[in-house]
Protein chains: 2
Amino acid sequence: MDANQKLQKKFDDGFHICVGLDTDIKKIPGFLLSCKNPILEFNKIIIDSTFKHAASYKINFAFYELYGSKGFDDISQTLELIPNDVLTIADAKRGDIGNTSQMYAQSIFNYFNFDAVTLNPFMGFDSLSPFLEYPDKLNFILALTSNNGAKDFEKLMLSNNKFLFQHVIQTVNGWNTNNNCGIVFGATNVKELEENIQSFNSMPILLPGVGAQGGSLEDVANTFSLHKKKNYLVNISRALLYLDNSDNLSISVAKAIKDLNSIIQIYI
Amino acid sequence: MDANQKLQKKFDDGFHICVGLDTDIKKIPGFLLSCKNPILEFNKIIIDSTFKHAASYKINFAFYELYGSKGFDDISQTLELIPNDVLTIADAKRGDIGNTSQMYAQSIFNYFNFDAVTLNPFMGFDSLSPFLEYPDKLNFILALTSNNGAKDFEKLMLSNNKFLFQHVIQTVNGWNTNNNCGIVFGATNVKELEENIQSFNSMPILLPGVGAQGGSLEDVANTFSLHKKKNYLVNISRALLYLDNSDNLSISVAKAIKDLNSIIQIYI
């Protein structure tokens, strides 16, 4: 089963939540700080409480690179905790000239053995093609992000009267010959989602921005449902990870992801 | 002395070569393969042979991330080999939403203690501002890269009749309030350099694309000289690292960087 099939199976089963493992030592419960590896221990609790109800886990590389080589070991060990039927996404936003991207792809797909990655399209096709040459993997390419700075370049108007992010989506459709491309599309503005949803075609969409950044899960689920699409992953990080500082964390998180799935179920 | 001052001192002394440590185990001389850490041993030879004649070292993260945590340790140990008066650049092309970029900046500037970094501007100001808030560091922001894919997005025409990369340069000029921004500008087409050189103002320019990618050192040195500018770093990786497979490597590389500097001297 390749990465796309693994994800489609979750969509078929009604699962759309991507648990973002943005693990921050300053925010994890105090009772974990005396453990040998608090970050790994915290990730284990989150994964054990959510894996039956999650479509995917997204590991945000920055939160681990902060600790250099120890952080990379934490990524490897976290991946070992994730059951094989749940998609793993390296949120690394890589992209570089061909011979360099080839090394990044080897790092993420061979060394770490992630199912999927996030990529930055700025440098164009040959900067991403080494990733796209892995037919069994999934590549979520940035189009419109959920931050304020999206207006600076992503939303620039091109001479063909399209926004840059729209041109990225159209271009990525053309790159999707191995059926292994996805799109990152911010969930903070439902009108933008509504206006662009048809351009996604069959590509899976990773939506950041729900929760701490202000997007609404209801709006996202409703919009995809209205268009009879189910190819979407809603990333939830802070709103799930840091909702309970007590040793009740495990129970609280398990309940929270079930509640999120219940909201989505309303629209299916 | 902050990063920009460190670099300006090298420019004042007539040094403009950035040695790109794209160290590839498949390309390093065979006699090193029996060492405990061939990559580190190779980097040591390259650094020892070049540090008196180099303006900067650029560590291409992909070539190290390929080996996971061991690669990150190699980066740290390589940095220890570089004398303090030579600028160190993390070629990592990072960029993400604010709370994430803050972690990347801590990784590169605090954990590894690089002087400078390369950044991808696609996600806009707030994705780079955590880096720009380090006044003592330097941030080389991608505008026009040296790869074929530069045409896909960087060279798109905007509705204001500018290319996207030109809009990036103009925007970065506005972000440069801490005098810690630089630009990455591909050296493969001297006409493009000529047409845009005035827009760089006082920012240092990192130029990839000379050597293996077809750009000409003479053209770059001549163009900056004609405009009475000396704020440029020409990256040389493959053409310097892999020119001699024998145990004469050290002597060959030392001669090669002096030859490159001699070419630049003609135009000063």
# chains A, B, ... in the order shown; residues from 1 in each chain; ligands from 1
>>> residues_around(residues="segment 76-81 of chain B", least_positions_apart="3", cutoff="8 Å", atoms="only C-alpha atoms", output="PDB file with C-alpha atoms, in the first residue's frame")
ATOM      1  CA  LEU B  40      34.777  15.260   8.439  1.00  0.00           C
ATOM      2  CA  ASN B  43      36.070  18.876   5.184  1.00  0.00           C
ATOM      3  CA  LYS B  44      39.175  19.384   7.330  1.00  0.00           C
ATOM      4  CA  ILE B  47      39.101  24.045   5.121  1.00  0.00           C
ATOM      5  CA  PHE B  72      24.012  17.075  12.252  1.00  0.00           C
ATOM      6  CA  ASP B  73      27.005  16.107  14.390  1.00  0.00           C
ATOM      7  CA  THR B  88      29.796  30.509   8.050  1.00  0.00           C
ATOM      8  CA  PHE B 112      24.808  25.398  15.527  1.00  0.00           C
ATOM      9  CA  PHE B 114      26.199  29.833  12.234  1.00  0.00           C
TER      10      PHE B 114
END
>>> residues_around(residues="Arg94 of chain B", least_positions_apart="3", cutoff="7 Å", atoms="only C-alpha atoms", output="list in words")
Thr118, Leu119 and Asn120 of chain B
>>> closest_residue(among="B:Val117, B:Ile97, B:Leu87, B:Ile39", to="Pro208 of chain A", atoms="only C-alpha atoms")
B:Ile97
>>> interface_residues(of="chain B", to="chain A", cutoff="8 Å", atoms="only C-alpha atoms", output="number ranges by chain")
B: 60, 62-63, 65-73, 93-98, 100-101, 103-104, 106-108, 111-112, 120-127, 145-154, 156-161, 168
>>> select_by_dssp(residues="segment 5-229 of chain A", states="strand (DSSP E or B)", output="ChimeraX atom specification")
/A:17-20,56-60,87-94,116-119,138-144,157-158,163,181-185,205-207,210,215
>>> closest_residue(among="A:Ala187, A:Ile205, A:Ile197, A:Ala239", to="Ile141 of chain A", atoms="only C-alpha atoms")
A:Ile205
>>> residues_around(residues="Gln5 of chain B", least_positions_apart="6", cutoff="10 Å", atoms="only C-alpha atoms", output="list in words")
Phe11, Leu87, Asp136, Lys137 and Leu138 of chain B
>>> write_last_selection(atoms="C-alpha atoms", output="PDB file, in the first residue's frame")
ATOM      1  CA  PHE B  11      35.420  42.020   0.801  1.00  0.00           C
ATOM      2  CA  LEU B  87      31.752  33.746   7.639  1.00  0.00           C
ATOM      3  CA  ASP B 136      24.320  40.150  14.500  1.00  0.00           C
ATOM      4  CA  LYS B 137      23.542  37.504  11.875  1.00  0.00           C
ATOM      5  CA  LEU B 138      23.118  37.596   8.098  1.00  0.00           C
TER       6      LEU B 138
END
>>> select_by_dssp(residues="segment 6-220 of chain A", states="helix (DSSP H, G or I)", output="PyMOL selection string")
chain A and resi 6-12+30-32+38-50+62-65+69-80+98-111+125-132+148-151+164-178+190-200+217-220
>>> residues_around(residues="Asp219 of chain A", least_positions_apart="6", cutoff="10 Å", atoms="only C-alpha atoms", output="PyMOL selection string")
chain A and resi 187-191+193-194+210+225+264+267
>>> write_last_selection(atoms="N, CA and C atoms", output="compact mmCIF listing (two decimals), in the first residue's frame")
# COMPACT_ATOMS: atom_id res chain seq x y z
N ALA A 187 -6.44 27.10 6.06
CA ALA A 187 -7.87 26.97 6.34
C ALA A 187 -8.44 28.21 7.02
N THR A 188 -7.68 29.29 7.02
CA THR A 188 -8.11 30.45 7.80
C THR A 188 -9.23 31.25 7.14
N ASN A 189 -9.43 31.06 5.83
CA ASN A 189 -10.44 31.84 5.12
C ASN A 189 -11.27 30.89 4.26
N VAL A 190 -12.50 30.62 4.70
CA VAL A 190 -13.31 29.62 4.01
C VAL A 190 -13.70 30.05 2.60
N LYS A 191 -13.79 31.35 2.38
CA LYS A 191 -14.14 31.86 1.05
C LYS A 191 -13.05 31.48 0.04
N LEU A 193 -11.05 28.96 0.27
CA LEU A 193 -11.15 27.51 0.07
C LEU A 193 -12.25 27.20 -0.95
N GLU A 194 -13.39 27.81 -0.74
CA GLU A 194 -14.55 27.63 -1.62
C GLU A 194 -14.19 28.00 -3.07
N VAL A 210 -6.39 25.71 11.37
CA VAL A 210 -7.55 25.51 12.24
C VAL A 210 -7.08 25.51 13.69
N SER A 225 -17.49 18.77 1.94
CA SER A 225 -18.68 17.95 1.80
C SER A 225 -19.60 18.48 0.71
N ILE A 264 -16.64 16.52 12.23
CA ILE A 264 -16.50 16.18 10.80
C ILE A 264 -17.64 15.26 10.35
N TYR A 267 -20.86 16.45 8.77
CA TYR A 267 -20.87 16.92 7.37
C TYR A 267 -20.66 15.80 6.35
>>> residues_around(residues="Ala3 of chain A", least_positions_apart="5", cutoff="12 Å", atoms="only C-alpha atoms", output="PDB file with N, CA and C atoms, in the first residue's frame")
ATOM      1  N   GLN A   8      -6.013   7.461   1.579  1.00  0.00           N
ATOM      2  CA  GLN A   8      -7.380   7.304   1.054  1.00  0.00           C
ATOM      3  C   GLN A   8      -8.195   6.368   1.943  1.00  0.00           C
ATOM      4  N   LYS A   9      -7.540   5.340   2.464  1.00  0.00           N
ATOM      5  CA  LYS A   9      -8.223   4.401   3.371  1.00  0.00           C
ATOM      6  C   LYS A   9      -8.750   5.154   4.599  1.00  0.00           C
ATOM      7  N   LYS A  10      -7.948   6.044   5.133  1.00  0.00           N
ATOM      8  CA  LYS A  10      -8.385   6.842   6.297  1.00  0.00           C
ATOM      9  C   LYS A  10      -9.552   7.749   5.911  1.00  0.00           C
ATOM     10  N   ALA A  55      -5.902  10.494  11.002  1.00  0.00           N
ATOM     11  CA  ALA A  55      -5.593  10.098   9.630  1.00  0.00           C
ATOM     12  C   ALA A  55      -4.095  10.180   9.371  1.00  0.00           C
ATOM     13  N   SER A  56      -3.412  10.993  10.189  1.00  0.00           N
ATOM     14  CA  SER A  56      -2.011  11.282   9.892  1.00  0.00           C
ATOM     15  C   SER A  56      -1.320  11.931  11.093  1.00  0.00           C
ATOM     16  N   ASN A  84       1.782   1.620  11.477  1.00  0.00           N
ATOM     17  CA  ASN A  84       2.080   1.686  10.048  1.00  0.00           C
ATOM     18  C   ASN A  84       0.899   2.126   9.182  1.00  0.00           C
ATOM     19  N   ASP A  85      -0.327   1.975   9.682  1.00  0.00           N
ATOM     20  CA  ASP A  85      -1.483   2.338   8.851  1.00  0.00           C
ATOM     21  C   ASP A  85      -1.827   3.829   8.904  1.00  0.00           C
ATOM     22  N   VAL A  86      -1.095   4.596   9.717  1.00  0.00           N
ATOM     23  CA  VAL A  86      -1.348   6.041   9.801  1.00  0.00           C
ATOM     24  C   VAL A  86      -0.226   6.783   9.063  1.00  0.00           C
ATOM     25  N   LEU A  87      -0.621   7.676   8.162  1.00  0.00           N
ATOM     26  CA  LEU A  87       0.338   8.412   7.332  1.00  0.00           C
ATOM     27  C   LEU A  87       1.256   9.292   8.184  1.00  0.00           C
ATOM     28  N   THR A  88       2.554   9.257   7.881  1.00  0.00           N
ATOM     29  CA  THR A  88       3.507  10.140   8.570  1.00  0.00           C
ATOM     30  C   THR A  88       3.993  11.214   7.593  1.00  0.00           C
ATOM     31  N   ILE A  89       3.903  12.475   8.026  1.00  0.00           N
ATOM     32  CA  ILE A  89       4.306  13.604   7.180  1.00  0.00           C
ATOM     33  C   ILE A  89       5.488  14.324   7.818  1.00  0.00           C
ATOM     34  N   PHE A 109      12.780  10.352   2.929  1.00  0.00           N
ATOM     35  CA  PHE A 109      12.102   9.124   2.496  1.00  0.00           C
ATOM     36  C   PHE A 109      12.904   7.850   2.796  1.00  0.00           C
ATOM     37  N   ASN A 113      12.377   7.487   6.600  1.00  0.00           N
ATOM     38  CA  ASN A 113      11.294   6.639   6.114  1.00  0.00           C
ATOM     39  C   ASN A 113       9.889   7.213   6.359  1.00  0.00           C
ATOM     40  N   PHE A 114       9.761   8.524   6.169  1.00  0.00           N
ATOM     41  CA  PHE A 114       8.431   9.147   6.208  1.00  0.00           C
ATOM     42  C   PHE A 114       7.611   8.706   4.995  1.00  0.00           C
ATOM     43  N   ASP A 115       6.284   8.746   5.147  1.00  0.00           N
ATOM     44  CA  ASP A 115       5.384   8.493   4.020  1.00  0.00           C
ATOM     45  C   ASP A 115       5.231   9.716   3.129  1.00  0.00           C
ATOM     46  N   ALA A 116       5.402  10.897   3.712  1.00  0.00           N
ATOM     47  CA  ALA A 116       5.042  12.127   3.002  1.00  0.00           C
ATOM     48  C   ALA A 116       5.896  13.278   3.511  1.00  0.00           C
ATOM     49  N   VAL A 117       5.883  14.373   2.756  1.00  0.00           N
ATOM     50  CA  VAL A 117       6.707  15.536   3.104  1.00  0.00           C
ATOM     51  C   VAL A 117       5.967  16.809   2.682  1.00  0.00           C
ATOM     52  N   TYR A 134       9.594   9.587  -6.271  1.00  0.00           N
ATOM     53  CA  TYR A 134       9.256   8.473  -5.371  1.00  0.00           C
ATOM     54  C   TYR A 134       7.762   8.195  -5.537  1.00  0.00           C
ATOM     55  N   PRO A 135       7.378   7.216  -6.358  1.00  0.00           N
ATOM     56  CA  PRO A 135       5.943   7.037  -6.639  1.00  0.00           C
ATOM     57  C   PRO A 135       5.124   6.592  -5.429  1.00  0.00           C
ATOM     58  N   ASP A 136       5.771   5.979  -4.439  1.00  0.00           N
ATOM     59  CA  ASP A 136       5.034   5.465  -3.280  1.00  0.00           C
ATOM     60  C   ASP A 136       4.836   6.498  -2.177  1.00  0.00           C
ATOM     61  N   LYS A 137       5.408   7.693  -2.356  1.00  0.00           N
ATOM     62  CA  LYS A 137       5.350   8.703  -1.302  1.00  0.00           C
ATOM     63  C   LYS A 137       4.359   9.798  -1.676  1.00  0.00           C
ATOM     64  N   LEU A 138       4.089  10.697  -0.740  1.00  0.00           N
ATOM     65  CA  LEU A 138       3.201  11.829  -1.022  1.00  0.00           C
ATOM     66  C   LEU A 138       3.951  13.147  -0.763  1.00  0.00           C
ATOM     67  N   ASN A 139       3.729  14.114  -1.642  1.00  0.00           N
ATOM     68  CA  ASN A 139       4.421  15.397  -1.553  1.00  0.00           C
ATOM     69  C   ASN A 139       3.410  16.535  -1.459  1.00  0.00           C
ATOM     70  N   PHE A 140       3.275  17.108  -0.265  1.00  0.00           N
ATOM     71  CA  PHE A 140       2.347  18.228  -0.070  1.00  0.00           C
ATOM     72  C   PHE A 140       3.096  19.526  -0.360  1.00  0.00           C
ATOM     73  N   ASN A 178       2.712  11.001 -11.215  1.00  0.00           N
ATOM     74  CA  ASN A 178       2.825   9.798 -10.383  1.00  0.00           C
ATOM     75  C   ASN A 178       1.721   9.700  -9.329  1.00  0.00           C
ATOM     76  N   ASN A 179       0.743  10.612  -9.422  1.00  0.00           N
ATOM     77  CA  ASN A 179      -0.357  10.611  -8.459  1.00  0.00           C
ATOM     78  C   ASN A 179       0.178  10.666  -7.019  1.00  0.00           C
ATOM     79  N   ASN A 180       1.230  11.466  -6.829  1.00  0.00           N
ATOM     80  CA  ASN A 180       1.833  11.560  -5.497  1.00  0.00           C
ATOM     81  C   ASN A 180       2.019  13.003  -5.022  1.00  0.00           C
ATOM     82  N   CYS A 181       1.209  13.901  -5.596  1.00  0.00           N
ATOM     83  CA  CYS A 181       1.247  15.306  -5.152  1.00  0.00           C
ATOM     84  C   CYS A 181       0.021  15.640  -4.329  1.00  0.00           C
ATOM     85  N   GLY A 182       0.231  16.486  -3.346  1.00  0.00           N
ATOM     86  CA  GLY A 182      -0.840  17.092  -2.572  1.00  0.00           C
ATOM     87  C   GLY A 182      -0.567  18.578  -2.480  1.00  0.00           C
ATOM     88  N   PRO A 204      -4.806  15.187  -2.538  1.00  0.00           N
ATOM     89  CA  PRO A 204      -5.136  15.400  -1.130  1.00  0.00           C
ATOM     90  C   PRO A 204      -4.659  16.790  -0.667  1.00  0.00           C
TER      91      PRO A 204
END
